[in-house]
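S.K.: Got a structure here, written out as structure tokens. Questions coming.
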Amino acid sequence: YDDITAYQAWYTRALPVVRQLLPDRLPEFEEQYRLGKGGGRLTTDNFRIADFLAERTPVGMGDRRQRFNWVHHKLLFQITILDSARGRIGSLLADISGVVRAEVFDSELQKAKEFLKSGHVRPAGVIAGVVLESHLSAVCQNHAIKASGKNPAISAYNDALKDEAYDLPTWRRIQHMADVRNLCSHQGQREPTTDEVEELVSGVEKVVKTVF
């Protein structure tokens with residue numbers, strides 16, 4: 001009785017997990033448990049876990065241990081399916097993280113555009129630079145690449161990703177963006193032009209959407 005209760009509780013918890021994370025495997029998972037079919041005639045072909053729990057006996061299999069061994073591999077099959085959901089959880093969380101990050105970046109770039117419209121060129125460039133740096137940091141994580149330096153900035157991430165995530169022309173464009181961002185961040189240098197920062201913002205938008 002305890003074993004039956006334990007399995008039923010496990011199955012009840014496992015079923016929605018498979019349904020949510022592995023919907024393509026749900027029919028297989030349920031099939032291992034589902035009551036046997038066959039017009040009332042129970043055979044080894046349609047003998048399932050639910051039949052075993054209900055003490056039903058298929059034709060030609062009177063011994064309980066024999067019946068247990070028969071359904072044991074069905075339970076193991078269910079466990080294997082459920083275990084594969086672990087990997088799906090990781091990818092699902094990564095997908096959610098990517099969506100959230102993209103929404104934040106869109107919001108920040110919109111702020112940069114609003115600053116540009118109101119004539120605040122430096123703040124717009126700084127915001128765009130922060131988005132670019134954050135995105136390149138995430139790309140490095142996606143590719144398991146470590147940028148040099150204790151606190152890497154755009155240039156360090158860009159160097160680390162060259163030839164690993166994108167080609168030389170892309171590296172040059174991003175390096176130019178880093179130079180414009182530096183103009184915006186350091187008051188001692190010349191004033192960045194509106195055109196330069198507009199190009200920076202549009203360039204960052206493209207990198208966020210095309211470099212992963």
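We label chains A, B, ... in the order they appear in the structure tokens, count residues from 1 in each chain, and number ligands from 1 in the order shown.
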Please list as JSON, numbers by chain every residue within 10 Å of stretch 22-29 of chain A, counting only C-alpha atoms and excluding residues in the same chain fewer than 4 positions away.

M.R.: {"A": [11, 14, 15, 16, 17, 18, 33, 34, 74, 75, 77, 78, 79, 80, 81, 82, 84, 85, 88, 89]}

S.K.: What's around A:Ile174 at 10 Å? Count only C-alpha atoms, leave out sequence neighbours fewer than 6 positions away in its own chain, and write the answer as a ChimeraX atom specification.

M.R.: /A:132,136,154-155,157-159,168,180,200,203-204,207

S.K.: Write out as a compact mmCIF listing (two decimals) with N, CA, C and O atoms, in the first residue's frame all residues of stretch 6-187 of chain A that backbone DSSP assigns to helix (DSSP H, G or I).

M.R.:
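As a result, part05.txt now contains:
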```
# COMPACT_ATOMS: atom_id res chain seq x y z
N ALA A 6 3.07 5.99 -2.69
CA ALA A 6 4.27 6.75 -3.04
C ALA A 6 4.34 6.96 -4.55
O ALA A 6 4.66 8.06 -5.03
N TYR A 7 4.04 5.90 -5.31
CA TYR A 7 4.10 6.05 -6.77
C TYR A 7 3.03 7.01 -7.26
O TYR A 7 3.31 7.87 -8.12
N GLN A 8 1.82 6.87 -6.75
CA GLN A 8 0.74 7.74 -7.20
C GLN A 8 1.08 9.21 -6.90
O GLN A 8 0.82 10.09 -7.72
N ALA A 9 1.68 9.47 -5.75
CA ALA A 9 2.07 10.84 -5.40
C ALA A 9 3.17 11.34 -6.33
O ALA A 9 3.16 12.48 -6.78
N TRP A 10 4.13 10.45 -6.63
CA TRP A 10 5.23 10.82 -7.54
C TRP A 10 4.69 11.11 -8.93
O TRP A 10 5.06 12.10 -9.55
N TYR A 11 3.80 10.25 -9.42
CA TYR A 11 3.24 10.41 -10.76
C TYR A 11 2.44 11.71 -10.85
O TYR A 11 2.52 12.43 -11.86
N THR A 12 1.70 12.02 -9.80
CA THR A 12 0.90 13.25 -9.78
C THR A 12 1.77 14.49 -9.87
O THR A 12 1.43 15.47 -10.53
N ARG A 13 2.95 14.44 -9.21
CA ARG A 13 3.86 15.59 -9.25
C ARG A 13 4.64 15.63 -10.57
O ARG A 13 4.94 16.70 -11.09
N ALA A 14 4.97 14.45 -11.08
CA ALA A 14 5.81 14.40 -12.28
C ALA A 14 5.05 14.76 -13.55
O ALA A 14 5.61 15.37 -14.46
N LEU A 15 3.77 14.41 -13.60
CA LEU A 15 2.98 14.60 -14.82
C LEU A 15 2.96 16.06 -15.29
O LEU A 15 3.23 16.33 -16.47
N PRO A 16 2.65 17.03 -14.42
CA PRO A 16 2.65 18.42 -14.91
C PRO A 16 4.02 18.93 -15.31
O PRO A 16 4.13 19.82 -16.16
N VAL A 17 5.08 18.37 -14.71
CA VAL A 17 6.44 18.76 -15.09
C VAL A 17 6.71 18.36 -16.53
O VAL A 17 7.20 19.15 -17.34
N VAL A 18 6.37 17.12 -16.85
CA VAL A 18 6.55 16.64 -18.23
C VAL A 18 5.64 17.40 -19.18
O VAL A 18 6.05 17.78 -20.29
N ARG A 19 4.42 17.66 -18.74
CA ARG A 19 3.46 18.37 -19.61
C ARG A 19 3.97 19.77 -19.96
O ARG A 19 3.82 20.24 -21.09
N GLN A 20 4.59 20.44 -18.99
CA GLN A 20 5.06 21.81 -19.21
C GLN A 20 6.40 21.86 -19.94
O GLN A 20 6.61 22.70 -20.82
N LEU A 21 7.33 21.00 -19.55
CA LEU A 21 8.70 21.10 -20.05
C LEU A 21 8.99 20.20 -21.24
O LEU A 21 9.83 20.53 -22.07
N PRO A 23 6.44 18.58 -23.56
CA PRO A 23 5.11 18.19 -24.07
C PRO A 23 5.18 17.13 -25.17
O PRO A 23 4.25 16.34 -25.32
N ASP A 24 6.28 17.09 -25.91
CA ASP A 24 6.41 16.09 -26.97
C ASP A 24 6.62 14.69 -26.41
O ASP A 24 6.39 13.70 -27.11
N ARG A 25 7.06 14.61 -25.15
CA ARG A 25 7.27 13.29 -24.52
C ARG A 25 6.09 12.87 -23.64
O ARG A 25 6.11 11.77 -23.08
N LEU A 26 5.10 13.74 -23.49
CA LEU A 26 3.98 13.45 -22.60
C LEU A 26 3.23 12.17 -22.98
O LEU A 26 2.93 11.35 -22.09
N PRO A 27 2.91 11.93 -24.25
CA PRO A 27 2.21 10.68 -24.58
C PRO A 27 2.99 9.43 -24.16
O PRO A 27 2.40 8.47 -23.65
N GLU A 28 4.31 9.45 -24.34
CA GLU A 28 5.13 8.30 -23.92
C GLU A 28 5.07 8.11 -22.42
O GLU A 28 4.98 6.98 -21.92
N PHE A 29 5.15 9.24 -21.69
CA PHE A 29 5.14 9.17 -20.24
C PHE A 29 3.82 8.60 -19.73
O PHE A 29 3.79 7.72 -18.86
N GLU A 30 2.72 9.10 -20.27
CA GLU A 30 1.40 8.64 -19.85
C GLU A 30 1.16 7.19 -20.26
O GLU A 30 0.49 6.44 -19.54
N GLU A 31 1.68 6.80 -21.40
CA GLU A 31 1.45 5.45 -21.92
C GLU A 31 1.98 4.38 -20.98
O GLU A 31 1.44 3.27 -20.90
N ILE A 49 1.55 0.11 -15.67
CA ILE A 49 1.80 0.30 -14.24
C ILE A 49 0.49 0.35 -13.46
O ILE A 49 0.37 -0.22 -12.37
N ALA A 50 -0.50 1.06 -13.99
CA ALA A 50 -1.78 1.15 -13.30
C ALA A 50 -2.43 -0.22 -13.12
O ALA A 50 -3.09 -0.48 -12.11
N ASP A 51 -2.25 -1.10 -14.07
CA ASP A 51 -2.78 -2.46 -13.95
C ASP A 51 -2.09 -3.20 -12.81
O ASP A 51 -2.74 -3.90 -12.02
N PHE A 52 -0.77 -3.03 -12.72
CA PHE A 52 -0.03 -3.69 -11.65
C PHE A 52 -0.48 -3.18 -10.29
O PHE A 52 -0.68 -3.96 -9.35
N LEU A 53 -0.65 -1.85 -10.18
CA LEU A 53 -1.06 -1.26 -8.90
C LEU A 53 -2.46 -1.72 -8.50
O LEU A 53 -2.77 -1.82 -7.31
N ARG A 64 3.35 -12.49 -9.08
CA ARG A 64 3.41 -11.04 -8.84
C ARG A 64 4.81 -10.49 -9.11
O ARG A 64 4.96 -9.38 -9.64
N ARG A 65 5.85 -11.22 -8.72
CA ARG A 65 7.21 -10.73 -8.96
C ARG A 65 7.48 -10.63 -10.47
O ARG A 65 8.14 -9.70 -10.92
N GLN A 66 6.94 -11.56 -11.21
CA GLN A 66 7.09 -11.51 -12.66
C GLN A 66 6.39 -10.27 -13.22
O GLN A 66 6.91 -9.60 -14.11
N ARG A 67 5.19 -9.98 -12.66
CA ARG A 67 4.47 -8.78 -13.10
C ARG A 67 5.25 -7.52 -12.73
O ARG A 67 5.32 -6.56 -13.52
N PHE A 68 5.84 -7.52 -11.54
CA PHE A 68 6.62 -6.36 -11.09
C PHE A 68 7.81 -6.12 -12.03
O PHE A 68 8.09 -4.99 -12.43
N ASN A 69 8.52 -7.17 -12.33
CA ASN A 69 9.67 -7.04 -13.23
C ASN A 69 9.24 -6.50 -14.60
O ASN A 69 9.98 -5.75 -15.25
N TRP A 70 8.02 -6.88 -15.03
CA TRP A 70 7.54 -6.45 -16.33
C TRP A 70 7.29 -4.93 -16.36
O TRP A 70 7.60 -4.26 -17.34
N VAL A 71 6.70 -4.42 -15.26
CA VAL A 71 6.38 -2.98 -15.24
C VAL A 71 7.55 -2.14 -14.74
O VAL A 71 7.54 -0.91 -14.89
N HIS A 72 8.56 -2.80 -14.18
CA HIS A 72 9.70 -2.05 -13.64
C HIS A 72 10.38 -1.24 -14.74
O HIS A 72 10.77 -0.08 -14.54
N HIS A 73 10.55 -1.82 -15.91
CA HIS A 73 11.21 -1.10 -16.98
C HIS A 73 10.36 0.07 -17.48
O HIS A 73 10.88 1.07 -17.99
N LYS A 74 9.02 -0.02 -17.30
CA LYS A 74 8.16 1.10 -17.66
C LYS A 74 8.36 2.27 -16.69
O LYS A 74 8.37 3.43 -17.10
N LEU A 75 8.54 1.94 -15.42
CA LEU A 75 8.83 2.98 -14.43
C LEU A 75 10.18 3.63 -14.73
O LEU A 75 10.31 4.86 -14.67
N LEU A 76 11.16 2.83 -15.06
CA LEU A 76 12.48 3.37 -15.39
C LEU A 76 12.41 4.27 -16.62
O LEU A 76 13.10 5.29 -16.69
N PHE A 77 11.55 3.91 -17.55
CA PHE A 77 11.37 4.73 -18.75
C PHE A 77 10.77 6.09 -18.38
O PHE A 77 11.18 7.14 -18.89
N GLN A 78 9.80 6.07 -17.47
CA GLN A 78 9.22 7.32 -16.99
C GLN A 78 10.28 8.18 -16.29
O GLN A 78 10.34 9.40 -16.49
N ILE A 79 11.08 7.56 -15.46
CA ILE A 79 12.12 8.29 -14.74
C ILE A 79 13.12 8.91 -15.71
O ILE A 79 13.56 10.04 -15.53
N THR A 80 13.46 8.17 -16.76
CA THR A 80 14.38 8.69 -17.77
C THR A 80 13.81 9.92 -18.46
O THR A 80 14.51 10.92 -18.68
N ILE A 81 12.53 9.87 -18.80
CA ILE A 81 11.88 11.03 -19.42
C ILE A 81 11.89 12.22 -18.47
O ILE A 81 12.24 13.35 -18.86
N LEU A 82 11.53 11.98 -17.22
CA LEU A 82 11.50 13.06 -16.24
C LEU A 82 12.89 13.64 -16.02
O LEU A 82 13.06 14.87 -15.90
N ASP A 83 13.88 12.80 -15.98
CA ASP A 83 15.25 13.26 -15.76
C ASP A 83 15.72 14.16 -16.90
O ASP A 83 16.48 15.11 -16.69
N SER A 84 15.26 13.87 -18.12
CA SER A 84 15.66 14.69 -19.25
C SER A 84 15.08 16.10 -19.17
O SER A 84 15.54 17.01 -19.86
N ALA A 85 14.09 16.29 -18.32
CA ALA A 85 13.50 17.63 -18.15
C ALA A 85 14.46 18.58 -17.47
O ALA A 85 14.31 19.80 -17.57
N ARG A 86 15.45 18.03 -16.76
CA ARG A 86 16.42 18.91 -16.09
C ARG A 86 17.13 19.80 -17.09
O ARG A 86 17.31 21.00 -16.86
N GLY A 87 17.56 19.22 -18.20
CA GLY A 87 18.23 20.01 -19.22
C GLY A 87 17.30 21.05 -19.82
O GLY A 87 17.73 22.16 -20.15
N ARG A 88 16.03 20.69 -19.94
CA ARG A 88 15.05 21.64 -20.49
C ARG A 88 14.86 22.82 -19.55
O ARG A 88 14.64 23.95 -20.00
N ILE A 89 14.94 22.57 -18.23
CA ILE A 89 14.79 23.67 -17.27
C ILE A 89 15.89 24.70 -17.49
O ILE A 89 15.64 25.91 -17.50
N GLY A 90 17.12 24.21 -17.68
CA GLY A 90 18.23 25.14 -17.90
C GLY A 90 18.04 25.98 -19.13
O GLY A 90 18.23 27.19 -19.11
N SER A 91 17.63 25.34 -20.24
CA SER A 91 17.45 26.09 -21.48
C SER A 91 16.25 27.02 -21.38
O SER A 91 16.26 28.13 -21.95
N LEU A 92 15.22 26.60 -20.63
CA LEU A 92 14.04 27.45 -20.45
C LEU A 92 14.40 28.70 -19.68
O LEU A 92 13.99 29.81 -20.03
N LEU A 93 15.18 28.53 -18.61
CA LEU A 93 15.61 29.69 -17.82
C LEU A 93 16.48 30.61 -18.65
O LEU A 93 16.39 31.84 -18.53
N ALA A 94 17.31 30.02 -19.50
CA ALA A 94 18.16 30.83 -20.38
C ALA A 94 17.31 31.62 -21.35
O ALA A 94 17.59 32.79 -21.63
N ASP A 95 16.25 30.99 -21.88
CA ASP A 95 15.35 31.68 -22.79
C ASP A 95 14.67 32.85 -22.10
O ASP A 95 14.57 33.95 -22.64
N ILE A 96 14.20 32.59 -20.86
CA ILE A 96 13.53 33.65 -20.09
C ILE A 96 14.50 34.79 -19.81
O ILE A 96 14.17 35.97 -19.96
N SER A 97 15.72 34.42 -19.41
CA SER A 97 16.74 35.44 -19.12
C SER A 97 17.03 36.28 -20.36
O SER A 97 17.17 37.50 -20.27
N GLY A 98 17.12 35.62 -21.51
CA GLY A 98 17.38 36.34 -22.75
C GLY A 98 16.27 37.31 -23.11
O GLY A 98 16.52 38.44 -23.54
N VAL A 99 15.02 36.88 -22.90
CA VAL A 99 13.88 37.75 -23.20
C VAL A 99 13.86 38.96 -22.28
O VAL A 99 13.67 40.10 -22.73
N VAL A 100 14.09 38.72 -20.99
CA VAL A 100 14.11 39.82 -20.03
C VAL A 100 15.23 40.80 -20.35
O VAL A 100 15.05 42.02 -20.34
N ARG A 101 16.41 40.26 -20.65
CA ARG A 101 17.55 41.11 -20.98
C ARG A 101 17.27 41.95 -22.23
O ARG A 101 17.59 43.14 -22.27
N ALA A 102 16.65 41.33 -23.24
CA ALA A 102 16.33 42.06 -24.47
C ALA A 102 15.35 43.19 -24.19
O ALA A 102 15.48 44.29 -24.76
N GLU A 103 14.37 42.95 -23.32
CA GLU A 103 13.40 43.99 -22.99
C GLU A 103 14.07 45.15 -22.26
O GLU A 103 13.76 46.32 -22.50
N VAL A 104 15.00 44.82 -21.36
CA VAL A 104 15.72 45.87 -20.63
C VAL A 104 16.57 46.69 -21.60
O VAL A 104 16.59 47.93 -21.54
N PHE A 105 17.26 46.01 -22.51
CA PHE A 105 18.10 46.71 -23.48
C PHE A 105 17.26 47.62 -24.37
O PHE A 105 17.65 48.76 -24.66
N ASP A 106 16.11 47.14 -24.82
CA ASP A 106 15.22 47.96 -25.65
C ASP A 106 14.80 49.22 -24.90
O ASP A 106 14.76 50.32 -25.47
N SER A 107 14.47 49.04 -23.62
CA SER A 107 14.05 50.17 -22.81
C SER A 107 15.17 51.19 -22.64
O SER A 107 14.96 52.40 -22.76
N GLU A 108 16.39 50.70 -22.40
CA GLU A 108 17.53 51.60 -22.21
C GLU A 108 17.88 52.33 -23.51
O GLU A 108 18.20 53.52 -23.49
N LEU A 109 17.83 51.64 -24.62
CA LEU A 109 18.13 52.28 -25.90
C LEU A 109 17.07 53.31 -26.26
O LEU A 109 17.37 54.33 -26.90
N GLN A 110 15.84 53.06 -25.85
CA GLN A 110 14.79 54.06 -26.07
C GLN A 110 15.09 55.31 -25.27
O GLN A 110 14.89 56.44 -25.74
N LYS A 111 15.61 55.14 -24.05
CA LYS A 111 16.01 56.29 -23.24
C LYS A 111 17.13 57.07 -23.94
O LYS A 111 17.13 58.30 -23.93
N ALA A 112 18.08 56.33 -24.51
CA ALA A 112 19.18 56.98 -25.21
C ALA A 112 18.65 57.82 -26.37
O ALA A 112 19.11 58.95 -26.60
N LYS A 113 17.68 57.31 -27.10
CA LYS A 113 17.10 58.06 -28.21
C LYS A 113 16.38 59.32 -27.73
O LYS A 113 16.45 60.38 -28.37
N GLU A 114 15.72 59.20 -26.59
CA GLU A 114 15.02 60.36 -26.03
C GLU A 114 16.01 61.43 -25.59
O GLU A 114 15.76 62.64 -25.77
N PHE A 115 17.15 61.00 -25.00
CA PHE A 115 18.19 61.95 -24.63
C PHE A 115 18.72 62.67 -25.88
O PHE A 115 18.96 63.88 -25.87
N LEU A 116 18.92 61.91 -26.94
CA LEU A 116 19.41 62.51 -28.19
C LEU A 116 18.44 63.56 -28.72
O LEU A 116 18.84 64.65 -29.14
N LYS A 117 17.16 63.25 -28.69
CA LYS A 117 16.16 64.19 -29.19
C LYS A 117 16.15 65.49 -28.40
O LYS A 117 15.88 66.56 -28.95
N VAL A 121 23.57 64.73 -25.66
CA VAL A 121 24.31 63.78 -26.48
C VAL A 121 25.15 62.82 -25.64
O VAL A 121 25.15 61.60 -25.86
N ARG A 122 25.91 63.38 -24.69
CA ARG A 122 26.78 62.51 -23.87
C ARG A 122 25.99 61.44 -23.10
O ARG A 122 26.36 60.26 -23.14
N PRO A 123 24.95 61.81 -22.36
CA PRO A 123 24.19 60.78 -21.64
C PRO A 123 23.64 59.69 -22.56
O PRO A 123 23.62 58.51 -22.19
N ALA A 124 23.23 60.09 -23.76
CA ALA A 124 22.72 59.09 -24.71
C ALA A 124 23.81 58.10 -25.08
O ALA A 124 23.58 56.87 -25.14
N GLY A 125 25.01 58.60 -25.32
CA GLY A 125 26.13 57.72 -25.67
C GLY A 125 26.54 56.82 -24.53
O GLY A 125 26.90 55.65 -24.74
N VAL A 126 26.49 57.37 -23.31
CA VAL A 126 26.85 56.56 -22.14
C VAL A 126 25.87 55.40 -21.96
O VAL A 126 26.27 54.25 -21.71
N ILE A 127 24.58 55.69 -22.09
CA ILE A 127 23.57 54.63 -21.95
C ILE A 127 23.76 53.55 -23.01
O ILE A 127 23.72 52.35 -22.72
N ALA A 128 23.96 53.98 -24.26
CA ALA A 128 24.18 53.00 -25.33
C ALA A 128 25.42 52.17 -25.06
O ALA A 128 25.44 50.95 -25.32
N GLY A 129 26.46 52.80 -24.52
CA GLY A 129 27.68 52.07 -24.20
C GLY A 129 27.47 51.03 -23.12
O GLY A 129 28.03 49.93 -23.18
N VAL A 130 26.66 51.36 -22.12
CA VAL A 130 26.35 50.40 -21.05
C VAL A 130 25.62 49.19 -21.61
O VAL A 130 25.91 48.04 -21.25
N VAL A 131 24.66 49.44 -22.51
CA VAL A 131 23.93 48.33 -23.13
C VAL A 131 24.88 47.45 -23.93
O VAL A 131 24.82 46.22 -23.84
N LEU A 132 25.76 48.08 -24.70
CA LEU A 132 26.71 47.31 -25.51
C LEU A 132 27.62 46.46 -24.64
O LEU A 132 27.85 45.27 -24.91
N GLU A 133 28.15 47.05 -23.59
CA GLU A 133 29.05 46.32 -22.70
C GLU A 133 28.33 45.15 -22.03
O GLU A 133 28.87 44.04 -21.94
N SER A 134 27.10 45.38 -21.58
CA SER A 134 26.33 44.31 -20.92
C SER A 134 26.04 43.18 -21.90
O SER A 134 26.11 41.99 -21.54
N HIS A 135 25.70 43.55 -23.14
CA HIS A 135 25.39 42.52 -24.13
C HIS A 135 26.63 41.70 -24.47
O HIS A 135 26.56 40.46 -24.55
N LEU A 136 27.76 42.35 -24.67
CA LEU A 136 28.98 41.61 -25.01
C LEU A 136 29.41 40.71 -23.85
O LEU A 136 29.93 39.61 -24.07
N SER A 137 29.17 41.15 -22.62
CA SER A 137 29.46 40.31 -21.46
C SER A 137 28.60 39.03 -21.51
O SER A 137 29.10 37.92 -21.25
N ALA A 138 27.32 39.19 -21.86
CA ALA A 138 26.43 38.03 -21.96
C ALA A 138 26.86 37.11 -23.09
O ALA A 138 26.79 35.88 -22.97
N VAL A 139 27.31 37.68 -24.21
CA VAL A 139 27.77 36.87 -25.34
C VAL A 139 28.99 36.05 -24.93
O VAL A 139 29.12 34.87 -25.29
N CYS A 140 29.89 36.67 -24.17
CA CYS A 140 31.06 35.93 -23.67
C CYS A 140 30.62 34.75 -22.82
O CYS A 140 31.17 33.64 -22.93
N GLN A 141 29.63 34.96 -21.97
CA GLN A 141 29.12 33.86 -21.13
C GLN A 141 28.52 32.77 -22.00
O GLN A 141 28.72 31.57 -21.74
N ASN A 142 27.78 33.16 -23.03
CA ASN A 142 27.15 32.17 -23.92
C ASN A 142 28.19 31.29 -24.60
O ASN A 142 27.95 30.11 -24.85
N ILE A 154 34.18 47.28 -22.92
CA ILE A 154 33.78 46.90 -24.28
C ILE A 154 34.95 46.35 -25.08
O ILE A 154 34.85 45.31 -25.72
N SER A 155 36.08 47.05 -25.05
CA SER A 155 37.23 46.62 -25.86
C SER A 155 37.72 45.23 -25.47
O SER A 155 38.08 44.43 -26.34
N ALA A 156 37.75 44.95 -24.17
CA ALA A 156 38.22 43.64 -23.72
C ALA A 156 37.26 42.54 -24.17
O ALA A 156 37.69 41.47 -24.64
N TYR A 157 35.96 42.77 -24.03
CA TYR A 157 34.98 41.80 -24.50
C TYR A 157 35.09 41.63 -26.02
O TYR A 157 35.01 40.52 -26.55
N ASN A 158 35.26 42.74 -26.72
CA ASN A 158 35.35 42.71 -28.17
C ASN A 158 36.56 41.90 -28.63
O ASN A 158 36.47 41.07 -29.55
N ASP A 159 37.70 42.10 -27.98
CA ASP A 159 38.90 41.34 -28.33
C ASP A 159 38.71 39.85 -28.06
O ASP A 159 39.16 39.00 -28.83
N ALA A 160 38.05 39.53 -26.94
CA ALA A 160 37.85 38.13 -26.58
C ALA A 160 36.93 37.42 -27.57
O ALA A 160 37.09 36.21 -27.83
N LEU A 161 35.99 38.17 -28.14
CA LEU A 161 35.00 37.56 -29.02
C LEU A 161 35.42 37.53 -30.48
O LEU A 161 34.80 36.81 -31.28
N LEU A 168 36.21 39.96 -38.30
CA LEU A 168 37.01 41.17 -38.12
C LEU A 168 36.23 42.45 -38.42
O LEU A 168 36.34 43.42 -37.65
N PRO A 169 35.43 42.51 -39.50
CA PRO A 169 34.65 43.74 -39.73
C PRO A 169 33.72 44.08 -38.57
O PRO A 169 33.57 45.25 -38.21
N THR A 170 33.09 43.06 -37.97
CA THR A 170 32.23 43.31 -36.82
C THR A 170 33.06 43.81 -35.64
O THR A 170 32.64 44.73 -34.92
N TRP A 171 34.22 43.22 -35.45
CA TRP A 171 35.12 43.67 -34.36
C TRP A 171 35.48 45.14 -34.56
O TRP A 171 35.49 45.93 -33.60
N ARG A 172 35.76 45.56 -35.80
CA ARG A 172 36.13 46.95 -36.07
C ARG A 172 34.97 47.89 -35.77
O ARG A 172 35.16 48.98 -35.20
N ARG A 173 33.75 47.48 -36.16
CA ARG A 173 32.58 48.33 -35.91
C ARG A 173 32.36 48.50 -34.41
O ARG A 173 32.08 49.61 -33.94
N ILE A 174 32.52 47.42 -33.67
CA ILE A 174 32.31 47.50 -32.23
C ILE A 174 33.42 48.32 -31.57
O ILE A 174 33.16 49.08 -30.62
N GLN A 175 34.63 48.19 -32.09
CA GLN A 175 35.72 48.98 -31.53
C GLN A 175 35.47 50.48 -31.76
O GLN A 175 35.75 51.31 -30.88
N HIS A 176 34.91 50.82 -32.92
CA HIS A 176 34.56 52.21 -33.18
C HIS A 176 33.48 52.69 -32.20
O HIS A 176 33.54 53.83 -31.70
N MET A 177 32.51 51.83 -31.92
CA MET A 177 31.47 52.16 -30.94
C MET A 177 32.09 52.42 -29.58
O MET A 177 31.69 53.33 -28.85
N ALA A 178 33.08 51.60 -29.22
CA ALA A 178 33.75 51.77 -27.93
C ALA A 178 34.46 53.12 -27.88
O ALA A 178 34.45 53.80 -26.83
N ASP A 179 35.05 53.53 -28.98
CA ASP A 179 35.74 54.83 -29.03
C ASP A 179 34.75 55.97 -28.83
O ASP A 179 35.03 56.93 -28.10
N VAL A 180 33.59 55.88 -29.46
CA VAL A 180 32.57 56.92 -29.30
C VAL A 180 32.05 56.93 -27.87
O VAL A 180 31.84 58.00 -27.29
N ARG A 181 31.82 55.74 -27.33
CA ARG A 181 31.37 55.68 -25.93
C ARG A 181 32.39 56.34 -25.00
O ARG A 181 32.02 57.06 -24.06
N ASN A 182 33.68 56.14 -25.26
CA ASN A 182 34.71 56.76 -24.43
C ASN A 182 34.67 58.28 -24.54
O ASN A 182 34.91 58.98 -23.54
N LEU A 183 34.38 58.80 -25.71
CA LEU A 183 34.23 60.25 -25.87
C LEU A 183 33.09 60.77 -24.99
O LEU A 183 33.19 61.85 -24.40
N CYS A 184 32.03 59.99 -24.93
CA CYS A 184 30.87 60.40 -24.14
C CYS A 184 31.13 60.29 -22.64
O CYS A 184 30.58 61.07 -21.84
N SER A 185 31.97 59.34 -22.25
CA SER A 185 32.20 59.08 -20.83
C SER A 185 33.25 59.98 -20.20
O SER A 185 33.21 60.22 -18.99
```

S.K.: Name the residues in contact with A:Gly60 at a cut-off of 10 Å, using only C-alpha atoms, excluding same-chain residues fewer than 5 positions from it; report them as a ChimeraX atom specification.

M.R.: /A:42-44
